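Colleague: Below is a structure I'd like to ask you about.
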Amino acid sequence: MDTLNINTKNPVTLEGNTSGAKTISIAASNVGDGDSKYIGASLLARYDFGTMASRPYIEGSARLGRNYNRYENTHMNDDNGNHAKYDMSTNYFGIHVGAGYEFKIYNQALDIYAKYLYNNLAGD
C-alpha cells in the first residue's frame with residue numbers, strides 16, 4: 001500500500017484512505033505564514049445632470065498597481081525536505097462604470113443605479 005506522509009511538528013493528524021490505494025495523513029492545524037501587500041493608484045469621476053431634487057448621473061473609475069504575495073509553511077515538506085512556499089509579485093488593474101438616477105420621494109433620497117465592475121490580478 002502506498003502511504004503519503006507529510007512531516008509536521010503537530011502530533012494531531014487527520015487520516016484518510018483513498019479507495020484502499022493510499023493512506024493520507026494531514027495535520028489538523030498545519031498553519032503557515034504569509035502576507036499580501038499592494039501599492040497602486042486610482043481615479044474616480046462622476047458627472048451629475050440636472051438639479052439636486054432629481055438628477056441622473058454617470059460615473060467611472062480606473063485603478064492599477066502591483067500586488068506582493070508571500071506564503072511559507074515549514075511544517076509541510078516533500079520527500080527531499082523542501083517546505084511549501086511561494087513568493088510572487090503581480091500587476092493588477094480594474095475599472096468600473098455606472099449610471100444612476102437620484103430623486104426625492106416623501107422627503108427621502110432614493111438612488112437607483114447600475115454598475116459594472118471588472119478587476120484582474122495577473123498570476124505567475
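Lettering and numbering for the C-alpha cells are positional, with chains as A, B, ... in the shown order, residues counted from 1 in each chain, and ligands counted from 1 in the shown order.
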Applying 9 Å and only C-alpha atoms, which residues near A:Leu121 remain after dropping the ones on its own chain fewer than 5 positions away? List them as a list of chain:residue names.
Modeller: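 Counting only the stated atoms, we get A:Arg66, A:Asn67, A:Thr90, A:Asn91, A:Tyr92, A:Phe93, A:Gly94.
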Colleague: Quick one: residues within 6 Å of stretch 109-120 of chain A, only C-alpha atoms counted, chain neighbours fewer than 4 positions away excluded, as an MDAnalysis selection string?
Modeller: chainID A and resid 92:104
Colleague: Would you save the residues from that selection as a short mmCIF file (atom, residue, chain, number, x, y, z; two decimals), in the first residue's frame, using C-alpha atoms?
Modeller:
data_model
loop_
_atom_site.label_atom_id
_atom_site.label_comp_id
_atom_site.auth_asym_id
_atom_site.auth_seq_id
_atom_site.Cartn_x
_atom_site.Cartn_y
_atom_site.Cartn_z
CA TYR A 92 -3.47 44.31 -11.00
CA PHE A 93 -5.93 46.61 -12.71
CA GLY A 94 -9.62 47.32 -12.57
CA ILE A 95 -12.37 49.54 -13.93
CA HIS A 96 -15.92 50.39 -13.07
CA VAL A 97 -18.62 52.23 -14.97
CA GLY A 98 -22.03 53.15 -13.70
CA ALA A 99 -25.15 55.17 -14.29
CA GLY A 100 -27.95 56.11 -11.97
CA TYR A 101 -30.82 58.39 -11.08
CA GLU A 102 -31.25 60.21 -7.77
CA PHE A 103 -34.55 61.69 -6.70
CA LYS A 104 -36.50 62.63 -3.61
#
Colleague: May I have the residues within 10 Å of A:Phe49 as JSON, numbers by chain, using only C-alpha atoms and disregarding those fewer than 5 positions away in the same chain?
Modeller: {"A": [54, 55, 56, 57, 58, 101]}
Colleague: Under the rule that only C-alpha atoms are counted, which of A:His83, A:Lys37, A:Arg46, A:His75 is the nearest residue to A:Gly60?
Modeller: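 For A:Gly60, the nearest of the given residues is A:Arg46.
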Colleague: Out of A:Ser61, A:Ala122, A:Tyr86, A:Ile39, which residue has the shortest atom-to-atom distance to A:Asn73 when counting only C-alpha atoms?
Modeller: A:Tyr86
